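Shown next: my_file35.txt, containing compact mmCIF, N, CA and C atoms.
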```
# COMPACT_ATOMS: atom_id res chain seq x y z
N MET A 1356 -4.85 -18.56 -7.04
CA MET A 1356 -6.05 -17.75 -6.91
C MET A 1356 -5.70 -16.47 -6.15
N PRO A 1357 -6.00 -15.31 -6.73
CA PRO A 1357 -5.68 -14.04 -6.05
C PRO A 1357 -6.52 -13.84 -4.80
N GLU A 1358 -5.88 -13.27 -3.83
CA GLU A 1358 -6.58 -12.89 -2.61
C GLU A 1358 -6.36 -11.42 -2.37
N ILE A 1359 -7.37 -10.77 -1.86
CA ILE A 1359 -7.29 -9.36 -1.54
C ILE A 1359 -7.02 -9.24 -0.04
N PHE A 1360 -6.03 -8.40 0.30
CA PHE A 1360 -5.67 -8.20 1.69
C PHE A 1360 -5.94 -6.75 2.07
N GLU A 1361 -6.48 -6.55 3.25
CA GLU A 1361 -6.63 -5.20 3.79
C GLU A 1361 -5.42 -4.94 4.69
N VAL A 1362 -4.69 -3.88 4.37
CA VAL A 1362 -3.48 -3.54 5.10
C VAL A 1362 -3.64 -2.13 5.66
N THR A 1363 -3.27 -1.95 6.91
CA THR A 1363 -3.33 -0.63 7.54
C THR A 1363 -1.97 0.04 7.42
N ILE A 1364 -1.99 1.29 6.93
CA ILE A 1364 -0.77 2.06 6.78
C ILE A 1364 -0.97 3.45 7.38
N SER A 1365 0.12 4.17 7.55
CA SER A 1365 0.04 5.57 7.97
C SER A 1365 0.34 6.44 6.76
N CYS A 1366 -0.48 7.45 6.55
CA CYS A 1366 -0.26 8.37 5.44
C CYS A 1366 1.05 9.12 5.70
N PRO A 1367 1.95 9.15 4.72
CA PRO A 1367 3.22 9.86 4.91
C PRO A 1367 3.07 11.39 4.95
N TYR A 1368 1.91 11.90 4.61
CA TYR A 1368 1.66 13.34 4.62
C TYR A 1368 0.99 13.78 5.92
N CYS A 1369 -0.19 13.22 6.21
CA CYS A 1369 -0.97 13.68 7.35
C CYS A 1369 -0.83 12.79 8.58
N GLY A 1370 -0.26 11.59 8.41
CA GLY A 1370 -0.04 10.69 9.54
C GLY A 1370 -1.25 9.87 9.95
N GLU A 1371 -2.39 10.08 9.29
CA GLU A 1371 -3.59 9.31 9.64
C GLU A 1371 -3.42 7.85 9.26
N THR A 1372 -4.02 6.99 10.03
CA THR A 1372 -4.02 5.56 9.74
C THR A 1372 -5.17 5.28 8.78
N ILE A 1373 -4.83 4.65 7.65
CA ILE A 1373 -5.84 4.31 6.65
C ILE A 1373 -5.66 2.85 6.24
N SER A 1374 -6.69 2.28 5.65
CA SER A 1374 -6.63 0.92 5.14
C SER A 1374 -6.57 0.95 3.63
N VAL A 1375 -5.75 0.09 3.07
CA VAL A 1375 -5.67 -0.06 1.62
C VAL A 1375 -5.86 -1.54 1.29
N LEU A 1376 -6.36 -1.80 0.10
CA LEU A 1376 -6.54 -3.17 -0.35
C LEU A 1376 -5.44 -3.51 -1.35
N VAL A 1377 -4.77 -4.63 -1.14
CA VAL A 1377 -3.73 -5.09 -2.05
C VAL A 1377 -3.99 -6.56 -2.37
N ASP A 1378 -3.49 -7.00 -3.52
CA ASP A 1378 -3.65 -8.41 -3.87
C ASP A 1378 -2.29 -9.08 -4.02
N ASN A 1379 -2.33 -10.40 -4.09
CA ASN A 1379 -1.08 -11.16 -4.13
C ASN A 1379 -0.80 -11.76 -5.51
N THR A 1380 -1.27 -11.11 -6.58
CA THR A 1380 -1.09 -11.67 -7.91
C THR A 1380 0.31 -11.49 -8.47
N LEU A 1381 1.05 -10.50 -7.98
CA LEU A 1381 2.41 -10.25 -8.43
C LEU A 1381 3.34 -10.16 -7.23
N PRO A 1382 4.58 -10.63 -7.35
CA PRO A 1382 5.49 -10.55 -6.21
C PRO A 1382 5.92 -9.13 -5.88
N GLN A 1383 5.94 -8.22 -6.86
CA GLN A 1383 6.32 -6.82 -6.65
C GLN A 1383 5.31 -5.93 -7.35
N GLN A 1384 4.82 -4.93 -6.65
CA GLN A 1384 3.88 -3.97 -7.24
C GLN A 1384 4.22 -2.58 -6.73
N ASN A 1385 3.91 -1.59 -7.56
CA ASN A 1385 4.13 -0.20 -7.18
C ASN A 1385 2.99 0.59 -7.79
N TYR A 1386 2.23 1.29 -6.95
CA TYR A 1386 1.14 2.09 -7.49
C TYR A 1386 0.80 3.24 -6.57
N LEU A 1387 -0.01 4.18 -7.07
CA LEU A 1387 -0.45 5.34 -6.31
C LEU A 1387 -1.86 5.13 -5.81
N GLU A 1388 -2.10 5.60 -4.61
CA GLU A 1388 -3.45 5.62 -4.06
C GLU A 1388 -3.58 6.89 -3.23
N ASP A 1389 -4.65 7.61 -3.41
CA ASP A 1389 -4.85 8.85 -2.67
C ASP A 1389 -5.29 8.57 -1.24
N CYS A 1390 -4.76 9.33 -0.30
CA CYS A 1390 -5.20 9.26 1.09
C CYS A 1390 -6.63 9.78 1.14
N TYR A 1391 -7.52 9.04 1.77
CA TYR A 1391 -8.91 9.49 1.83
C TYR A 1391 -9.14 10.53 2.92
N VAL A 1392 -8.09 10.89 3.67
CA VAL A 1392 -8.20 11.95 4.67
C VAL A 1392 -7.70 13.27 4.09
N CYS A 1393 -6.46 13.30 3.56
CA CYS A 1393 -5.89 14.55 3.05
C CYS A 1393 -5.86 14.63 1.53
N CYS A 1394 -6.24 13.55 0.84
CA CYS A 1394 -6.35 13.50 -0.63
C CYS A 1394 -5.02 13.60 -1.37
N ARG A 1395 -3.90 13.42 -0.69
CA ARG A 1395 -2.60 13.48 -1.37
C ARG A 1395 -2.20 12.09 -1.85
N PRO A 1396 -1.42 12.00 -2.93
CA PRO A 1396 -1.07 10.70 -3.51
C PRO A 1396 0.02 9.99 -2.71
N ILE A 1397 -0.25 8.75 -2.38
CA ILE A 1397 0.68 7.91 -1.63
C ILE A 1397 1.22 6.86 -2.60
N VAL A 1398 2.55 6.71 -2.63
CA VAL A 1398 3.18 5.65 -3.42
C VAL A 1398 3.21 4.40 -2.54
N LEU A 1399 2.63 3.33 -3.04
CA LEU A 1399 2.62 2.06 -2.31
C LEU A 1399 3.55 1.08 -3.01
N ASP A 1400 4.54 0.59 -2.27
CA ASP A 1400 5.44 -0.46 -2.74
C ASP A 1400 5.00 -1.74 -2.05
N VAL A 1401 4.49 -2.68 -2.84
CA VAL A 1401 3.94 -3.92 -2.30
C VAL A 1401 4.84 -5.07 -2.70
N SER A 1402 5.16 -5.92 -1.75
CA SER A 1402 5.91 -7.14 -2.07
C SER A 1402 5.23 -8.33 -1.41
N VAL A 1403 5.30 -9.45 -2.12
CA VAL A 1403 4.70 -10.69 -1.63
C VAL A 1403 5.80 -11.74 -1.62
N ASP A 1404 6.04 -12.34 -0.44
CA ASP A 1404 7.10 -13.35 -0.36
C ASP A 1404 6.57 -14.71 -0.81
N SER A 1405 7.44 -15.71 -0.83
CA SER A 1405 7.07 -17.04 -1.32
C SER A 1405 6.01 -17.72 -0.47
N ASP A 1406 5.83 -17.26 0.78
CA ASP A 1406 4.79 -17.81 1.65
C ASP A 1406 3.47 -17.06 1.52
N GLY A 1407 3.42 -16.04 0.65
CA GLY A 1407 2.19 -15.27 0.46
C GLY A 1407 2.01 -14.12 1.42
N GLN A 1408 3.04 -13.83 2.23
CA GLN A 1408 2.97 -12.71 3.16
C GLN A 1408 3.13 -11.40 2.38
N VAL A 1409 2.21 -10.47 2.63
CA VAL A 1409 2.20 -9.19 1.93
C VAL A 1409 2.84 -8.12 2.81
N ALA A 1410 3.77 -7.35 2.23
CA ALA A 1410 4.39 -6.22 2.92
C ALA A 1410 4.14 -4.97 2.09
N VAL A 1411 3.75 -3.88 2.76
CA VAL A 1411 3.45 -2.63 2.07
C VAL A 1411 4.27 -1.51 2.70
N GLN A 1412 4.96 -0.75 1.85
CA GLN A 1412 5.66 0.44 2.28
C GLN A 1412 4.97 1.62 1.64
N ALA A 1413 4.60 2.61 2.46
CA ALA A 1413 3.94 3.82 1.96
C ALA A 1413 4.90 4.98 2.05
N ARG A 1414 4.96 5.76 0.96
CA ARG A 1414 5.85 6.92 0.95
C ARG A 1414 5.21 8.03 0.13
N ASN A 1415 5.69 9.26 0.34
CA ASN A 1415 5.14 10.36 -0.46
C ASN A 1415 5.77 10.30 -1.85
N GLU A 1416 5.14 10.95 -2.80
CA GLU A 1416 5.60 10.82 -4.19
C GLU A 1416 6.89 11.55 -4.48
N ASN A 1417 7.40 12.34 -3.55
CA ASN A 1417 8.65 13.08 -3.77
C ASN A 1417 9.87 12.38 -3.20
N GLU A 1418 9.70 11.21 -2.63
CA GLU A 1418 10.83 10.46 -2.06
C GLU A 1418 11.53 9.67 -3.15
```

This structure in structure tokens:
Amino acid sequence: MPEIFEVTISCPYCGETISVLVDNTLPQQNYLEDCYVCCRPIVLDVSVDSDGQVAVQARNENE
């Protein structure tokens, strides 16, 4: 059963702390989400380990 997790990240552009929602349906995910402070696109690399722990790496789209 999928679960939605709220994860706090720092925007790689403006440095503001924002919350994003991620789910655990796939072990690896990669998607874009706009920062709601500066409106720039953030690439989110999401991984879920075998215990269901979610890890999110945020980077700018030019990295």

Legend entry - Pick from A:Gly1370, A:Val1403, A:Val1409, A:Arg1414, whichever lies nearest to Pro1382 in chain A using only C-alpha atoms: A:Val1403

Legend entry - Option closest in space to Tyr1386 in chain A, from A:Cys1366, A:Ile1373, A:Asp1400, A:Asn1417 [counting only C-alpha atoms]: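 Result for the nearest residue to Tyr1386 in chain A: A:Asp1400.
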
Where's the centre, and what are the edge lengths in Å to one decimal, of a box along x, y and z enclosing all listed atoms of range 1356-1366 of chain A padded 3 Å per side, as lines of an AutoDock Vina configuration file?
```
center_x = -3.2
center_y = -4.7
center_z = 0.5
size_x = 14.4
size_y = 33.7
size_z = 21.0
```

Inset, instruction - Check chain A with DSSP on the backbone and list each residue it calls strand (DSSP E), as number ranges by chain. - result: A: 1359-1365, 1372-1378, 1383-1389, 1396-1403, 1409-1415

Legend entry - Close residues, Cys1369 in chain A itself excluded, 8 Å, all atoms listed in the file, min 4 positions apart in chain, as a count of residues only: 4
